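Engineer: To start, I am sharing the structure in question, which I have written as structure tokens.
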Amino acid sequence: MDEYLVPTGFGEDEFTEKKSRFIGRVWPAESEEEALEKIQQMKKQHYDATHNCWAYIIRDGAVRFSDDGEPGGTAGMPMLQVLQREGLYNVVCVVTRYFGGILLGAGGLVRAYTKGAKIAVDAAGKSMKRVWTALYVPCPYTFYERVKLETAAFGGIIRSADFGSEVELEILLPEAKAQPFLDRLTDMSAAAIECMEIGKEYRAFPAG
């Protein structure tokens with residue numbers, strides 16, 4: 001199973017350009033049907049807007065965009081290009097515009113819709129979907145801070161920590177990093193830390 005980036009969640013932000021209000025929104029979408037549903041929701045919610053432009057990328061599926069009445073190539077395509085540059089999949093973006101009475105010109109529209117998509121992506125955040133290996137790591141207190149540092153260095157996540165006679169950690173690591181991490185802990189602790197693999201998960205976690 002491949003690694004790829006997805007939105008962490010829903011993101012929304014807005015700005016005003018020459019009296020036109022632009023509202024950018026991004027959602028995760030696992031299917032084209034889900035993406036189209038979000039677009040329709042925005043069209044209903046903002047029925048009075050001048051434009052509801054959109055773009056989406058479904059992994060191993062459809063890649064589509066719409067200028068929704070803006071001049072061709074000034075809205076949907078720039079939004080799609082933002083999603084592509086950000087490396088996102090299973091994502092839908094809608095930028096709603098309320099016209100303020102001042103024309104922006106083609107270049108101004110491209111910049112505005114690019115900005116609308118980018119601020120929405122930034123608000124949503126990005127997560128890496130990949131196979132993670134779950135490890136049970138019973139750790140003496142003397143090694144706890146060091147294990148935290150090593151976990152971060154190997155791109156891992158401490159999912160839980162139970163503080164008893166020692167610290168019992170559940171750590172998630174990218175599948176390819178699990179064995180090198182285990183080897184590192186063994187060397188670092190002179191084999192005082194004995195870990196156990198407890199499973200694998202295919203899911204997304206926020207990317208640093």
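Labels used: A, B, ... for chains in the order of the structure tokens, numbers from 1 for residues in each chain, and numbers from 1 for ligands as shown.
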Taking the chain letters and numbering used in this document, name the residues of stretch 41-196 of chain A that DSSP puts in strand (DSSP E or B), as a PyMOL selection string.

Structural biologist: chain A and resi 51-57+63-66+88+91-98+126-139+157-163+167-174+196

Engineer: Hey, which of A:Gln45, A:Tyr113, A:Gly100, A:Gly87 ends up closest to A:Glu70? Count only C-alpha atoms.

Structural biologist: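 Using only C-alpha atoms, the shortest distance to A:Glu70 belongs to A:Tyr113.
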
Engineer: Using only C-alpha atoms, which protein or nucleic acid residues come within 9 Å of A:Phe181? Drop anything in the same chain fewer than 5 positions from it, and give the result as a list in words.

Structural biologist: Glu150, Thr151, Phe154, Leu173 and Thr186 of chain A

Engineer: Go ahead and dump the residues you just picked, N, CA, C and O atoms, as a PDB file, in the first residue's frame.

Structural biologist:
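Okay, result_17.pdb is ready:
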ATOM      1  N   GLU A 150      14.212   9.548  19.961  1.00  0.00           N
ATOM      2  CA  GLU A 150      14.436   8.580  18.879  1.00  0.00           C
ATOM      3  C   GLU A 150      13.152   8.343  18.081  1.00  0.00           C
ATOM      4  O   GLU A 150      13.188   8.198  16.865  1.00  0.00           O
ATOM      5  N   THR A 151      12.021   8.318  18.775  1.00  0.00           N
ATOM      6  CA  THR A 151      10.742   8.144  18.085  1.00  0.00           C
ATOM      7  C   THR A 151      10.527   9.270  17.079  1.00  0.00           C
ATOM      8  O   THR A 151      10.166   9.035  15.920  1.00  0.00           O
ATOM      9  N   PHE A 154      12.800   9.029  14.006  1.00  0.00           N
ATOM     10  CA  PHE A 154      12.419   7.995  13.038  1.00  0.00           C
ATOM     11  C   PHE A 154      11.030   8.254  12.434  1.00  0.00           C
ATOM     12  O   PHE A 154      10.483   7.397  11.755  1.00  0.00           O
ATOM     13  N   LEU A 173       5.198   3.599  14.042  1.00  0.00           N
ATOM     14  CA  LEU A 173       6.299   3.988  13.169  1.00  0.00           C
ATOM     15  C   LEU A 173       5.976   3.637  11.734  1.00  0.00           C
ATOM     16  O   LEU A 173       5.294   2.638  11.468  1.00  0.00           O
ATOM     17  N   THR A 186      17.752  -1.106  20.897  1.00  0.00           N
ATOM     18  CA  THR A 186      18.562  -2.187  21.470  1.00  0.00           C
ATOM     19  C   THR A 186      20.000  -1.724  21.697  1.00  0.00           C
ATOM     20  O   THR A 186      20.574  -1.934  22.778  1.00  0.00           O
TER      21      THR A 186
END

Engineer: Please, what distance in Å, to one decimal, runs between atom CA of A:Phe205 and atom CA of A:Lys129?

Structural biologist: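 Taking atom CA of A:Phe205 and atom CA of A:Lys129, their separation equals 6.6 Å.
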
Engineer: Within 6 Å of A:Tyr136, counting only C-alpha atoms, which residues qualify if same-chain residues fewer than 2 places away don't, as a count of residues only?

Structural biologist: 4

Engineer: Any idea what the distance is between atom CA of A:Glu166 and atom CA of A:Pro140?

Structural biologist: 5.0 Å

Engineer: Go through A:Leu103, A:Val6, A:Ala176, A:Ile58 and flag the residue nearest A:Val131, using only C-alpha atoms for the distances.

Structural biologist: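 Closest residue, counting only C-alpha atoms: A:Ala176.
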